[in-house]
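For reference, the structure is listed below as C-alpha cells.
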Amino acid sequence: MRRSMKCMVVTGLMVSASFGFADWFDGFEDGLGDWVVGSGAPVPITEPFYALTSYTVGTFTVNPHSGSYLMAPDPSLTASDDKYWMDRTEGFAAGGEQGTLTAYVNIASSDSAPASSLLAGAYDSASGKELRVGYNRNMGTLYYRGSGVAQTYTSIPISTRSWHKIVFESGGTGTTLYINDTFIFTDTTMTQMDSVRVAATYWGGVGVPRVLVDDVSFTTLPEQGTLIWIR
Ligand SMILES: [Ca+2]
C-alpha cells in the first residue's frame, strides 16, 4: 500500500519572536521588523511608508491586494526627498542565502510621480550582482535589468492601477524573475541574495515612488530551512 507523504516548511514567520506594533500590518508575512526605509541612516518602516486601508492618487483609489491594508508611501512627500525605498536587509544568513522574494506591486502612476520607479529588486553585495524590475511611466512598460556578465533590459507592457505579482527566486542555477507567474529572465551569475527591495524611486534615486506593495514574503529554500516530514 502506497503511503502518502507531506512536507511542511517552517518559515521565519512561524518562529518569529518579534511582535512590534508594525508586525501586525497584514501583507508582510515575514514581518515588518526586518524591513527598513531610507539611505544613510535607515529608519523604521512606518516612516515614510505606511500601512493604509486604501491609497488615493488624483481621482482613483487603490485597495489592498488582500486583507485590510497595503503599504504605501506618504502622499505628502515631496520630490526633493531621497529616502523612498523599502529594504529587507535583516534576517539573511551571513554571506547571503538562497530563497524567494514574492511581492504584489501596484503602479499608482500619476503625472507627479517620477518617470521611473523600481518595483522590486534582489541584491548580492558579496558578488555585486543584482536583478531589478522597474516601471517607466513615459513608456508605460516594465523593464528589468540583470547585472551579470551582460546587463539586460527588456520592455514589457503592463497595466497601472492593478496588482502584479513579482517573484525573485535564487537557487543553484541563478536568480530568476517571474512577473505574474510568467518566466522573464534568469541571471545565472547570481546564485544568492543578501538583501531585497520593494517600492522605490528610480533605482533608489530621488522622488516619490507611486508604487504600492502588499503580500510580501521572503522564504529560504527548503534545504536551508526546517523540514518536517509527515508520513
Ligand atoms: Ca494586505
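Every chain in the C-alpha cells takes a letter, A first, then B, and so on in the order presented; its residues are numbered from 1, and the ligands are numbered from 1 following the presented order.
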
Exercise for the section: Go through stretch 28-208 of chain A and collect every residue that DSSP, computed from the backbone, puts in strand (DSSP E); the answer should be as a PyMOL selection string. Expected result: chain A and resi 35-37+43-44+49-52+55-57+60-62+70-73+86-88+99-107+116-124+129-136+141-146+152-157+163-171+174-179+182-187+195-201

Select the residues contacting ligand 1 at a distance of at most 7 Å, based on only C-alpha atoms and all ligand atoms, then format the selection as a compact mmCIF listing (two decimals) with C-alpha atoms, in the first residue's frame.
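And here's part-v1.txt as it stands now:
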```txt
# COMPACT_ATOMS: atom_id res chain seq x y z
CA ASP A 26 -1.14 42.36 7.04
CA GLY A 27 0.75 41.80 3.85
CA PRO A 64 -5.29 46.32 -0.79
CA HIS A 65 -4.41 43.19 -2.72
CA SER A 66 -5.66 41.20 0.25
CA GLY A 67 -6.59 41.84 3.84
CA SER A 68 -7.28 45.28 5.19
CA TYR A 69 -4.02 47.12 4.48
CA LEU A 70 -1.48 47.87 1.79
CA ASP A 214 1.14 44.08 -0.41
CA ASP A 215 1.54 40.41 0.41
```

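Take the candidates A:Thr220, A:Thr201, A:Gln98, A:Ser195 and check each one against A:Gly128 using only C-alpha atoms; the shortest distance goes to A:Ser195.
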